[in-house]
>>> print(open('target-v3.cif').read())   # mmCIF, C-alpha atoms and all ligand atoms
data_data
#
loop_
_atom_site.group_PDB
_atom_site.id
_atom_site.type_symbol
_atom_site.label_atom_id
_atom_site.label_comp_id
_atom_site.auth_asym_id
_atom_site.auth_seq_id
_atom_site.Cartn_x
_atom_site.Cartn_y
_atom_site.Cartn_z
ATOM 1 C CA GLU J 1 -46.911 -60.707 -54.593
ATOM 2 C CA ASN J 2 -46.637 -57.011 -53.782
ATOM 3 C CA VAL J 3 -48.027 -57.650 -50.326
ATOM 4 C CA THR J 4 -45.321 -60.242 -49.615
ATOM 5 C CA PHE J 5 -42.677 -57.844 -50.880
ATOM 6 C CA GLU J 6 -43.955 -55.016 -48.673
ATOM 7 C CA LYS J 7 -44.109 -57.303 -45.630
ATOM 8 C CA GLU J 8 -40.570 -58.490 -46.214
ATOM 9 C CA ARG J 9 -39.354 -54.905 -46.610
ATOM 10 C CA TYR J 10 -41.106 -53.963 -43.388
ATOM 11 C CA ARG J 11 -39.479 -56.875 -41.539
ATOM 12 C CA ILE J 12 -36.019 -56.003 -42.853
ATOM 13 C CA ILE J 13 -36.332 -52.389 -41.669
ATOM 14 C CA ALA J 14 -37.883 -53.359 -38.321
ATOM 15 C CA GLU J 15 -34.995 -55.744 -37.566
ATOM 16 C CA HIS J 16 -32.205 -53.432 -38.749
ATOM 17 C CA PRO J 17 -30.384 -51.567 -35.952
ATOM 18 C CA CYS J 18 -29.378 -48.663 -38.234
ATOM 19 C CA TYR J 19 -32.638 -48.273 -40.148
ATOM 20 C CA SER J 20 -34.922 -48.483 -37.139
ATOM 21 C CA GLU J 21 -34.414 -46.547 -33.932
ATOM 22 C CA LYS J 22 -36.366 -49.170 -32.000
ATOM 23 C CA ALA J 23 -34.479 -52.108 -33.470
ATOM 24 C CA ARG J 24 -31.136 -50.936 -32.211
ATOM 25 C CA HIS J 25 -31.789 -52.161 -28.668
ATOM 26 C CA ARG J 26 -33.098 -55.531 -29.782
ATOM 27 C CA PHE J 27 -31.070 -56.515 -32.827
ATOM 28 C CA GLY J 28 -27.432 -56.420 -33.798
ATOM 29 C CA ARG J 29 -25.242 -56.399 -36.870
ATOM 30 C CA MET J 30 -21.985 -58.003 -37.820
ATOM 31 C CA HIS J 31 -19.469 -56.318 -40.112
ATOM 32 C CA LEU J 32 -17.068 -58.439 -42.119
ATOM 33 C CA ALA J 33 -13.791 -56.610 -42.794
ATOM 34 C CA VAL J 34 -13.072 -58.317 -46.097
ATOM 35 C CA ALA J 35 -12.627 -55.273 -48.366
ATOM 36 C CA PRO J 36 -9.239 -53.502 -47.971
ATOM 37 C CA LYS J 37 -8.872 -51.668 -51.296
ATOM 38 C CA CYS J 38 -10.474 -48.358 -52.199
ATOM 39 C CA ASN J 39 -11.002 -46.668 -55.546
ATOM 40 C CA ILE J 40 -11.169 -43.055 -54.341
ATOM 41 C CA GLN J 41 -9.240 -40.838 -51.918
ATOM 42 C CA CYS J 42 -11.355 -38.838 -49.518
ATOM 43 C CA ASN J 43 -9.483 -36.038 -47.788
ATOM 44 C CA PHE J 44 -10.544 -37.227 -44.326
ATOM 45 C CA CYS J 45 -9.301 -40.765 -44.881
ATOM 46 C CA VAL J 46 -6.101 -42.300 -43.615
ATOM 47 C CA ARG J 47 -5.522 -45.387 -45.703
ATOM 48 C CA ASP J 48 -4.250 -47.670 -42.959
ATOM 49 C CA PHE J 49 -7.463 -47.239 -41.036
ATOM 50 C CA ALA J 50 -11.039 -47.960 -41.939
ATOM 51 C CA CYS J 51 -13.278 -46.167 -44.417
ATOM 52 C CA VAL J 52 -14.551 -43.179 -42.474
ATOM 53 C CA ASN J 53 -17.488 -42.768 -44.800
ATOM 54 C CA GLU J 54 -19.156 -45.244 -42.502
ATOM 55 C CA ASN J 55 -16.615 -46.356 -39.972
ATOM 56 C CA ARG J 56 -14.836 -44.994 -37.012
ATOM 57 C CA PRO J 57 -11.119 -45.170 -37.676
ATOM 58 C CA GLY J 58 -9.363 -47.099 -34.960
ATOM 59 C CA VAL J 59 -6.455 -49.429 -34.905
ATOM 60 C CA THR J 60 -5.530 -50.933 -38.240
ATOM 61 C CA MET J 61 -7.740 -53.944 -38.430
ATOM 62 C CA GLU J 62 -7.211 -57.440 -39.596
ATOM 63 C CA VAL J 63 -8.594 -58.149 -43.041
ATOM 64 C CA LEU J 64 -10.431 -61.460 -43.228
ATOM 65 C CA THR J 65 -10.432 -63.881 -46.122
ATOM 66 C CA PRO J 66 -13.889 -64.916 -47.335
ATOM 67 C CA VAL J 67 -13.501 -68.396 -45.839
ATOM 68 C CA VAL J 68 -12.478 -67.067 -42.432
ATOM 69 C CA ALA J 69 -15.300 -64.517 -42.590
ATOM 70 C CA LEU J 70 -17.810 -67.325 -43.133
ATOM 71 C CA GLU J 71 -16.469 -69.189 -40.099
ATOM 72 C CA LYS J 72 -16.848 -66.056 -37.981
ATOM 73 C CA VAL J 73 -20.404 -65.575 -39.176
ATOM 74 C CA LYS J 74 -21.322 -69.143 -38.228
ATOM 75 C CA GLN J 75 -19.841 -68.722 -34.778
ATOM 76 C CA ALA J 76 -21.380 -65.304 -34.163
ATOM 77 C CA LEU J 77 -24.873 -66.245 -35.341
ATOM 78 C CA SER J 78 -24.913 -69.293 -33.113
ATOM 79 C CA ASP J 79 -23.602 -67.362 -30.074
ATOM 80 C CA TYR J 80 -25.599 -64.189 -30.674
ATOM 81 C CA PRO J 81 -28.913 -64.986 -32.330
ATOM 82 C CA PHE J 82 -29.947 -61.323 -31.964
ATOM 83 C CA ILE J 83 -27.607 -60.492 -34.858
ATOM 84 C CA LYS J 84 -29.941 -60.010 -37.814
ATOM 85 C CA VAL J 85 -27.754 -58.168 -40.305
ATOM 86 C CA ILE J 86 -24.473 -59.125 -41.957
ATOM 87 C CA GLY J 87 -22.726 -56.106 -43.470
ATOM 88 C CA VAL J 88 -19.623 -55.261 -45.452
ATOM 89 C CA ALA J 89 -18.398 -51.723 -44.772
ATOM 90 C CA GLY J 90 -14.682 -51.715 -45.400
ATOM 91 C CA PRO J 91 -11.974 -51.148 -44.391
ATOM 92 C CA GLY J 92 -11.935 -49.850 -48.028
ATOM 93 C CA ASP J 93 -14.790 -49.799 -50.520
ATOM 94 C CA PRO J 94 -16.747 -53.090 -50.679
ATOM 95 C CA LEU J 95 -17.444 -52.709 -54.400
ATOM 96 C CA ALA J 96 -13.725 -52.374 -55.186
ATOM 97 C CA ASN J 97 -12.926 -55.810 -53.760
ATOM 98 C CA GLU J 98 -13.859 -59.124 -55.389
ATOM 99 C CA GLU J 99 -13.628 -60.705 -51.910
ATOM 100 C CA THR J 100 -16.820 -58.886 -50.918
ATOM 101 C CA PHE J 101 -18.841 -60.816 -53.470
ATOM 102 C CA GLU J 102 -17.094 -64.091 -52.732
ATOM 103 C CA THR J 103 -17.796 -63.665 -49.010
ATOM 104 C CA LEU J 104 -21.469 -62.891 -49.528
ATOM 105 C CA ARG J 105 -21.813 -65.874 -51.865
ATOM 106 C CA LEU J 106 -20.381 -68.174 -49.196
ATOM 107 C CA VAL J 107 -22.517 -66.737 -46.402
ATOM 108 C CA ARG J 108 -25.653 -66.833 -48.561
ATOM 109 C CA GLU J 109 -25.242 -70.566 -49.176
ATOM 110 C CA GLU J 110 -25.323 -71.193 -45.429
ATOM 111 C CA PHE J 111 -27.844 -68.540 -44.423
ATOM 112 C CA PRO J 112 -30.465 -68.090 -47.129
ATOM 113 C CA ASN J 113 -32.558 -65.600 -45.132
ATOM 114 C CA ILE J 114 -30.113 -63.335 -43.314
ATOM 115 C CA THR J 115 -30.254 -59.631 -44.215
ATOM 116 C CA PHE J 116 -27.224 -58.455 -46.186
ATOM 117 C CA CYS J 117 -26.128 -54.848 -45.809
ATOM 118 C CA MET J 118 -23.398 -52.855 -47.507
ATOM 119 C CA SER J 119 -21.871 -49.411 -47.305
ATOM 120 C CA THR J 120 -20.120 -47.970 -50.353
ATOM 121 C CA ASN J 121 -18.848 -44.738 -51.853
ATOM 122 C CA GLY J 122 -21.092 -45.569 -54.803
ATOM 123 C CA LEU J 123 -18.558 -45.082 -57.593
ATOM 124 C CA MET J 124 -19.174 -48.586 -58.971
ATOM 125 C CA LEU J 125 -22.770 -48.951 -57.812
ATOM 126 C CA SER J 126 -24.615 -48.976 -61.146
ATOM 127 C CA GLU J 127 -22.227 -51.545 -62.563
ATOM 128 C CA LYS J 128 -22.281 -53.822 -59.541
ATOM 129 C CA LEU J 129 -25.976 -53.513 -58.695
ATOM 130 C CA PRO J 130 -27.062 -56.650 -60.612
ATOM 131 C CA GLU J 131 -24.581 -58.693 -58.572
ATOM 132 C CA LEU J 132 -25.839 -57.182 -55.330
ATOM 133 C CA VAL J 133 -29.407 -57.997 -56.264
ATOM 134 C CA LYS J 134 -28.418 -61.564 -57.111
ATOM 135 C CA LEU J 135 -26.725 -62.007 -53.729
ATOM 136 C CA GLY J 136 -29.800 -60.628 -51.999
ATOM 137 C CA VAL J 137 -28.301 -57.432 -50.562
ATOM 138 C CA ALA J 138 -31.370 -55.819 -48.979
ATOM 139 C CA THR J 139 -30.083 -52.636 -47.367
ATOM 140 C CA LEU J 140 -27.535 -50.363 -48.991
ATOM 141 C CA THR J 141 -25.728 -47.265 -47.789
ATOM 142 C CA VAL J 142 -24.089 -44.815 -50.178
ATOM 143 C CA THR J 143 -21.987 -41.993 -48.772
ATOM 144 C CA ILE J 144 -22.842 -38.769 -50.574
ATOM 145 C CA ASN J 145 -20.971 -35.796 -49.180
ATOM 146 C CA ALA J 146 -22.030 -33.324 -51.874
ATOM 147 C CA VAL J 147 -24.218 -33.140 -54.974
ATOM 148 C CA ASP J 148 -22.274 -30.158 -56.301
ATOM 149 C CA PRO J 149 -18.960 -31.112 -57.974
ATOM 150 C CA GLU J 150 -17.324 -27.878 -56.792
ATOM 151 C CA ILE J 151 -17.937 -28.928 -53.194
ATOM 152 C CA GLN J 152 -17.231 -32.631 -53.670
ATOM 153 C CA GLY J 153 -13.974 -31.659 -55.414
ATOM 154 C CA GLN J 154 -12.806 -30.198 -52.100
ATOM 155 C CA ILE J 155 -13.756 -33.312 -50.142
ATOM 156 C CA CYS J 156 -12.341 -36.000 -52.404
ATOM 157 C CA ASP J 157 -8.820 -35.671 -53.808
ATOM 158 C CA HIS J 158 -9.240 -38.096 -56.711
ATOM 159 C CA ILE J 159 -11.031 -41.166 -57.984
ATOM 160 C CA ASN J 160 -9.696 -44.183 -59.864
ATOM 161 C CA TYR J 161 -12.246 -45.175 -62.445
ATOM 162 C CA HIS J 162 -11.787 -47.809 -65.141
ATOM 163 C CA GLY J 163 -8.021 -47.561 -64.983
ATOM 164 C CA LYS J 164 -7.821 -43.754 -65.035
ATOM 165 C CA THR J 165 -7.299 -41.201 -62.287
ATOM 166 C CA TYR J 166 -9.520 -38.124 -62.188
ATOM 167 C CA LYS J 167 -8.639 -35.289 -59.819
ATOM 168 C CA GLY J 168 -10.851 -32.840 -57.954
ATOM 169 C CA VAL J 169 -13.937 -31.490 -59.733
ATOM 170 C CA GLU J 170 -13.469 -33.773 -62.737
ATOM 171 C CA GLY J 171 -13.549 -36.861 -60.512
ATOM 172 C CA ALA J 172 -16.375 -35.397 -58.451
ATOM 173 C CA LYS J 173 -18.604 -35.067 -61.534
ATOM 174 C CA ILE J 174 -18.207 -38.749 -62.350
ATOM 175 C CA GLN J 175 -18.719 -39.825 -58.772
ATOM 176 C CA ILE J 176 -21.846 -37.751 -58.144
ATOM 177 C CA LYS J 177 -23.393 -38.934 -61.424
ATOM 178 C CA ASN J 178 -22.681 -42.565 -60.549
ATOM 179 C CA GLN J 179 -23.936 -42.166 -57.004
ATOM 180 C CA LEU J 180 -27.238 -40.570 -57.985
ATOM 181 C CA GLU J 181 -27.868 -43.022 -60.813
ATOM 182 C CA GLY J 182 -26.829 -45.865 -58.526
ATOM 183 C CA ILE J 183 -29.161 -45.021 -55.639
ATOM 184 C CA GLU J 184 -32.059 -44.474 -58.001
ATOM 185 C CA ALA J 185 -31.537 -47.867 -59.657
ATOM 186 C CA ALA J 186 -31.005 -49.572 -56.295
ATOM 187 C CA ALA J 187 -34.239 -48.171 -54.863
ATOM 188 C CA LYS J 188 -36.098 -49.231 -58.009
ATOM 189 C CA ALA J 189 -34.652 -52.729 -57.631
ATOM 190 C CA GLY J 190 -36.203 -52.905 -54.144
ATOM 191 C CA LEU J 191 -33.170 -52.244 -51.940
ATOM 192 C CA VAL J 192 -33.780 -50.041 -48.915
ATOM 193 C CA VAL J 193 -31.335 -47.208 -49.489
ATOM 194 C CA LYS J 194 -29.623 -45.092 -46.852
ATOM 195 C CA VAL J 195 -27.374 -42.115 -47.551
ATOM 196 C CA ASN J 196 -24.536 -41.199 -45.200
ATOM 197 C CA THR J 197 -23.256 -37.639 -45.324
ATOM 198 C CA VAL J 198 -20.122 -36.564 -43.500
ATOM 199 C CA PHE J 199 -20.673 -33.035 -42.172
ATOM 200 C CA VAL J 200 -17.486 -31.057 -42.839
ATOM 201 C CA PRO J 201 -17.556 -27.562 -41.275
ATOM 202 C CA GLY J 202 -16.711 -24.823 -43.761
ATOM 203 C CA ILE J 203 -17.022 -27.151 -46.777
ATOM 204 C CA ASN J 204 -20.400 -28.873 -47.046
ATOM 205 C CA ASP J 205 -22.079 -27.512 -43.899
ATOM 206 C CA ARG J 206 -24.533 -25.330 -45.825
ATOM 207 C CA HIS J 207 -25.171 -28.002 -48.439
ATOM 208 C CA MET J 208 -27.083 -30.616 -46.415
ATOM 209 C CA VAL J 209 -30.604 -29.643 -47.498
ATOM 210 C CA GLU J 210 -29.496 -29.681 -51.151
ATOM 211 C CA ILE J 211 -28.357 -33.270 -50.697
ATOM 212 C CA ALA J 212 -31.563 -34.170 -48.846
ATOM 213 C CA LYS J 213 -33.672 -32.823 -51.722
ATOM 214 C CA LYS J 214 -31.753 -34.743 -54.370
ATOM 215 C CA ILE J 215 -31.947 -38.038 -52.528
ATOM 216 C CA ARG J 216 -35.620 -37.633 -51.703
ATOM 217 C CA GLU J 217 -36.319 -37.577 -55.447
ATOM 218 C CA ARG J 218 -34.597 -40.949 -55.685
ATOM 219 C CA ASP J 219 -36.594 -42.725 -52.975
ATOM 220 C CA VAL J 220 -33.882 -42.898 -50.357
ATOM 221 C CA TYR J 221 -35.373 -44.291 -47.150
ATOM 222 C CA ILE J 222 -33.150 -42.596 -44.575
ATOM 223 C CA MET J 223 -30.265 -40.114 -44.326
ATOM 224 C CA ASN J 224 -27.470 -40.232 -41.774
ATOM 225 C CA ILE J 225 -25.592 -36.959 -41.265
ATOM 226 C CA MET J 226 -22.396 -37.854 -39.425
ATOM 227 C CA PRO J 227 -19.858 -35.513 -37.815
ATOM 228 C CA LEU J 228 -16.411 -35.344 -39.423
ATOM 229 C CA ILE J 229 -13.670 -37.136 -37.517
ATOM 230 C CA PRO J 230 -10.754 -34.802 -38.363
ATOM 231 C CA GLN J 231 -7.746 -36.690 -39.701
ATOM 232 C CA GLY J 232 -5.693 -37.094 -42.868
ATOM 233 C CA ALA J 233 -5.698 -34.036 -45.140
ATOM 234 C CA PHE J 234 -8.623 -32.717 -43.049
ATOM 235 C CA ALA J 235 -6.806 -33.049 -39.721
ATOM 236 C CA HIS J 236 -6.836 -29.243 -39.418
ATOM 237 C CA ILE J 237 -10.627 -28.943 -39.749
ATOM 238 C CA ARG J 238 -12.596 -29.000 -36.522
ATOM 239 C CA ALA J 239 -15.304 -31.544 -35.866
ATOM 240 C CA PRO J 240 -18.827 -30.088 -35.877
ATOM 241 C CA THR J 241 -20.519 -29.581 -32.532
ATOM 242 C CA PRO J 242 -23.457 -31.885 -31.717
ATOM 243 C CA GLU J 243 -25.703 -28.823 -32.067
ATOM 244 C CA GLU J 244 -24.474 -28.151 -35.612
ATOM 245 C CA THR J 245 -25.022 -31.753 -36.649
ATOM 246 C CA GLN J 246 -28.476 -31.724 -35.125
ATOM 247 C CA ALA J 247 -29.404 -28.473 -36.845
ATOM 248 C CA ALA J 248 -28.436 -30.004 -40.194
ATOM 249 C CA GLN J 249 -30.553 -33.075 -39.407
ATOM 250 C CA ASP J 250 -33.514 -30.911 -38.422
ATOM 251 C CA ALA J 251 -33.235 -28.879 -41.636
ATOM 252 C CA SER J 252 -33.071 -32.054 -43.757
ATOM 253 C CA GLU J 253 -35.846 -33.941 -41.955
ATOM 254 C CA PRO J 254 -38.716 -32.405 -44.015
ATOM 255 C CA TYR J 255 -37.200 -34.039 -47.112
ATOM 256 C CA VAL J 256 -35.942 -37.376 -45.874
ATOM 257 C CA ARG J 257 -36.164 -39.374 -42.636
ATOM 258 C CA GLN J 258 -33.100 -38.809 -40.438
ATOM 259 C CA MET J 259 -30.998 -41.378 -38.613
ATOM 260 C CA ARG J 260 -29.765 -39.834 -35.388
ATOM 261 C CA HIS J 261 -28.307 -42.813 -33.555
ATOM 262 C CA CYS J 262 -25.270 -43.715 -35.671
ATOM 263 C CA ARG J 263 -22.253 -44.884 -33.679
ATOM 264 C CA GLN J 264 -19.702 -44.601 -36.517
ATOM 265 C CA CYS J 265 -18.807 -48.247 -36.082
ATOM 266 C CA ARG J 266 -15.644 -50.040 -37.049
ATOM 267 C CA ALA J 267 -15.443 -52.136 -40.205
ATOM 268 C CA ASP J 268 -15.123 -55.236 -38.003
ATOM 269 C CA ALA J 269 -17.768 -54.305 -35.415
ATOM 270 C CA TYR J 270 -20.392 -56.787 -34.306
ATOM 271 C CA GLY J 271 -23.165 -57.020 -31.725
ATOM 272 C CA TYR J 272 -25.501 -54.203 -30.735
ATOM 273 C CA ILE J 273 -24.459 -50.873 -32.235
ATOM 274 C CA ASP J 274 -24.459 -49.314 -28.766
ATOM 275 C CA GLN J 275 -22.172 -52.002 -27.359
ATOM 276 C CA ASP J 276 -19.547 -52.774 -29.907
ATOM 277 C CA MET J 277 -18.078 -56.088 -28.904
ATOM 278 C CA THR J 278 -14.958 -55.542 -30.981
ATOM 279 C CA GLN J 279 -13.967 -52.784 -28.620
ATOM 280 C CA MET J 280 -15.776 -53.952 -25.526
ATOM 281 C CA SER J 281 -14.289 -57.368 -24.867
ATOM 282 C CA GLU J 282 -11.224 -58.678 -26.584
ATOM 283 C CA GLU J 283 -11.093 -61.238 -23.820
ATOM 284 C CA ARG J 284 -14.502 -62.644 -24.537
ATOM 285 C CA ARG J 285 -13.639 -62.671 -28.222
ATOM 286 C CA ASN J 286 -10.629 -64.823 -27.489
ATOM 287 C CA ILE J 287 -12.671 -67.231 -25.436
ATOM 288 C CA LEU J 288 -15.245 -67.502 -28.207
ATOM 289 C CA LYS J 289 -12.573 -67.503 -30.917
ATOM 290 C CA ILE J 290 -14.422 -64.952 -33.024
HETATM 291 FE FE1 LIG M 301 -23.269 -51.761 -40.908
HETATM 292 FE FE2 LIG M 301 -23.839 -49.516 -41.955
HETATM 293 FE FE3 LIG M 301 -25.223 -51.646 -42.599
HETATM 294 FE FE4 LIG M 301 -25.475 -50.508 -40.226
HETATM 295 S S1 LIG M 301 -23.468 -49.727 -39.495
HETATM 296 S S2 LIG M 301 -23.103 -51.351 -43.063
HETATM 297 S S3 LIG M 301 -26.034 -49.605 -42.194
HETATM 298 S S4 LIG M 301 -25.206 -52.704 -40.659
HETATM 299 FE FE5 LIG M 301 -25.081 -48.187 -38.562
HETATM 300 FE FE6 LIG M 301 -22.670 -48.306 -37.676
HETATM 301 FE FE7 LIG M 301 -23.742 -45.944 -38.200
HETATM 302 FE FE8 LIG M 301 -23.126 -47.592 -40.108
HETATM 303 S S5 LIG M 301 -24.416 -47.389 -36.624
HETATM 304 S S6 LIG M 301 -21.691 -46.680 -38.792
HETATM 305 S S7 LIG M 301 -25.033 -46.474 -39.892
HETATM 306 FE FE1 LIG M 302 -11.272 -43.792 -47.367
HETATM 307 FE FE2 LIG M 302 -13.744 -44.768 -47.477
HETATM 308 FE FE3 LIG M 302 -13.139 -42.520 -48.816
HETATM 309 FE FE4 LIG M 302 -12.195 -44.888 -49.623
HETATM 310 S S1 LIG M 302 -14.358 -44.252 -49.582
HETATM 311 S S2 LIG M 302 -11.012 -42.982 -49.440
HETATM 312 S S3 LIG M 302 -11.811 -45.957 -47.674
HETATM 313 S S4 LIG M 302 -13.153 -42.785 -46.562
#
>>> encode(input="target-v3.cif", output="structure tokens")
Amino acid sequence: ENVTFEKERYRIIAEHPCYSEKARHRFGRMHLAVAPKCNIQCNFCVRDFACVNENRPGVTMEVLTPVVALEKVKQALSDYPFIKVIGVAGPGDPLANEETFETLRLVREEFPNITFCMSTNGLMLSEKLPELVKLGVATLTVTINAVDPEIQGQICDHINYHGKTYKGVEGAKIQIKNQLEGIEAAAKAGLVVKVNTVFVPGINDRHMVEIAKKIRERDVYIMNIMPLIPQGAFAHIRAPTPEETQAAQDASEPYVRQMRHCRQCRADAYGYIDQDMTQMSEERRNILKI
């Protein structure tokens, strides 16, 4: 049974455009923008746009209902059989929206074998993990921007947790605890875990290796250090240079495998990650009605 499990895990990674450098030219992903609400407030986030923990903010995007999302999946998988991964990555936090689970339930009924992916801020991960396992979510991204509450308190303004608001360092303590417990439990449950880290010059720039060490202990498969896109309360902070981002990746590599080909996609992106069809051809989208 272990052999089957290992083979399946290998296949999932080999066909995932974000987890495998080679796969990105051969396989695609489809994001379903079904999750508008968020339960935290990151300082680099502008609410009307997408979650920048994973996504490039662009125009305000249309939120899909679960039923419409299923229709789009059917159409896309028949038109583009190279799409191997269905993901939910916003525009808010997937775990803060019941529609995420409803959508995945509907898609799972039609496509029993498709890889499900998700990207979350991790606040609700431990609590929601059993549901994710049941739905067959195979690959999971948690954005961890700091493992020190003093630093995270500067990156995230507040969290909303079980009906209460916690500001700054107090909120950061809860979030970091939940994130680390969540990724550990997810990896133990067999999910292939990725950690995204937004590199914020002057705030967490010297903290990357600390994060890498902590996530290595919890069997994270791959880490994705992404440059800040300055906006919102962080509009005044400069974006890191490519050299700075790369230096952070190089320093973290001894602890955990590094993803270096992230395109900071939109929450409604689909196709190859290097050729986002959402942005590339509105016209073709209209023709295909997807
Ligand atoms: Fe989407 Fe993210 Fe899954 Fe990939 S994207 S939920 S892990 S299927 Fe990939 Fe896009 Fe970078 Fe994300 S290139 S933003 S890492
Ligand atoms: Fe914005 Fe995403 Fe942070 Fe929520 S988790 S505040 S949507 S960047």
>>> resolve_selection(input="target-v3.cif", expression="the PyMOL selection byres (((chain J and resi 207) around 9) and not hetatm)", output="list of chain:residue names")
J:Asn145, J:Ala146, J:Val147, J:Asp148, J:Ile151, J:Ile203, J:Asn204, J:Asp205, J:Arg206, J:Met208, J:Val209, J:Glu210, J:Ile211, J:Ala212
>>> closest_atom_pairs(input="target-v3.cif", of="segment 20-77 of chain J", to="segment 232-250 of chain J", cutoff="6 Å", atoms="only C-alpha atoms", output="tab-separated table")
residue	atom	partner	partner_atom	distance
J:Asn43	CA	J:Ala233	CA	5.0
J:Phe44	CA	J:Phe234	CA	5.1
J:Cys45	CA	J:Gly232	CA	5.5
J:Val46	CA	J:Gly232	CA	5.3
>>> atom_distance(input="target-v3.cif", atom1="atom CA of Met226 of chain J", atom2="atom CA of Ile86 of chain J")
21.5 Å
>>> resolve_selection(input="target-v3.cif", expression="the PyMOL selection byres (((not hetatm)) within 9 of (chain M and resi 301))", output="VMD selection string")
chain J and resid 16 to 19 24 28 to 31 52 to 56 85 to 90 116 to 120 139 to 141 194 196 224 226 259 261 to 267 269 to 270 273 to 274
>>> axis_aligned_box(input="target-v3.cif", around="ligand LIG 302 (chain M)", padding_each_side="8 Å", output="AutoDock Vina command-line options")
--center_x -12.7 --center_y -44.2 --center_z -48.1 --size_x 19.3 --size_y 19.4 --size_z 19.1
>>> atom_distance(input="target-v3.cif", atom1="atom CA of Pro254 of chain J", atom2="atom CA of Val198 of chain J")
19.1 Å
>>> closest_residue(input="target-v3.cif", among="J:Ile229, J:Leu180, J:Val107, J:Ile222", to="Val193 of chain J", atoms="all atoms listed in the file")
J:Ile222
>>> resolve_selection(input="target-v3.cif", expression="the PyMOL selection byres (((chain J and resi 73) around 12) and not hetatm)", output="PyMOL selection string")
chain J and resi 29-33+64+66-72+74-81+83-87+103-104+106-108+110-111+114+268+270-271+289-290
>>> closest_atom_pairs(input="target-v3.cif", of="chain J", to="ligand LIG 302 (chain M)", cutoff="6 Å", atoms="only C-alpha atoms and all ligand atoms", output="tab-separated table")
residue	atom	partner	partner_atom	distance
J:Cys38	CA	M:LIG302	FE4	4.7
J:Ile40	CA	M:LIG302	S2	4.9
J:Gln41	CA	M:LIG302	S2	3.7
J:Cys42	CA	M:LIG302	FE3	4.2
J:Cys45	CA	M:LIG302	FE1	4.4
J:Cys51	CA	M:LIG302	FE2	3.4
J:Val52	CA	M:LIG302	S4	4.3
J:Asn53	CA	M:LIG302	S4	4.7
J:Gly92	CA	M:LIG302	S3	3.9
J:Asp93	CA	M:LIG302	FE4	5.6
J:Asn121	CA	M:LIG302	S1	5.1
>>> write_last_selection(input="target-v3.cif", atoms="C-alpha atoms", output="mmCIF file, in the frame of the given file")
data_model
loop_
_atom_site.group_PDB
_atom_site.id
_atom_site.type_symbol
_atom_site.label_atom_id
_atom_site.label_comp_id
_atom_site.auth_asym_id
_atom_site.auth_seq_id
_atom_site.Cartn_x
_atom_site.Cartn_y
_atom_site.Cartn_z
ATOM 1 C CA CYS J 38 -10.474 -48.358 -52.199
ATOM 2 C CA ILE J 40 -11.169 -43.055 -54.341
ATOM 3 C CA GLN J 41 -9.240 -40.838 -51.918
ATOM 4 C CA CYS J 42 -11.355 -38.838 -49.518
ATOM 5 C CA CYS J 45 -9.301 -40.765 -44.881
ATOM 6 C CA CYS J 51 -13.278 -46.167 -44.417
ATOM 7 C CA VAL J 52 -14.551 -43.179 -42.474
ATOM 8 C CA ASN J 53 -17.488 -42.768 -44.800
ATOM 9 C CA GLY J 92 -11.935 -49.850 -48.028
ATOM 10 C CA ASP J 93 -14.790 -49.799 -50.520
ATOM 11 C CA ASN J 121 -18.848 -44.738 -51.853
#
>>> atom_distance(input="target-v3.cif", atom1="atom CA of Ala185 of chain J", atom2="atom CA of Lys173 of chain J")
18.3 Å
>>> closest_residue(input="target-v3.cif", among="J:Phe101, J:Phe82, J:Tyr161, J:Tyr166", to="Ala23 of chain J", atoms="only C-alpha atoms")
J:Phe82
>>> closest_residue(input="target-v3.cif", among="J:Val34, J:Gly182, J:Pro230, J:Thr197", to="Asn97 of chain J", atoms="all atoms listed in the file")
J:Val34
>>> closest_residue(input="target-v3.cif", among="J:Thr4, J:Thr100, J:Ile12, J:Pro112", to="Val192 of chain J", atoms="only C-alpha atoms")
J:Ile12
>>> closest_residue(input="target-v3.cif", among="J:Glu15, J:Glu127, J:Glu253, J:Glu150", to="Gln179 of chain J", atoms="all atoms listed in the file")
J:Glu127
>>> closest_residue(input="target-v3.cif", among="J:Thr165, J:Pro91, J:Ile174, J:Leu135", to="Val63 of chain J", atoms="all atoms listed in the file")
J:Pro91
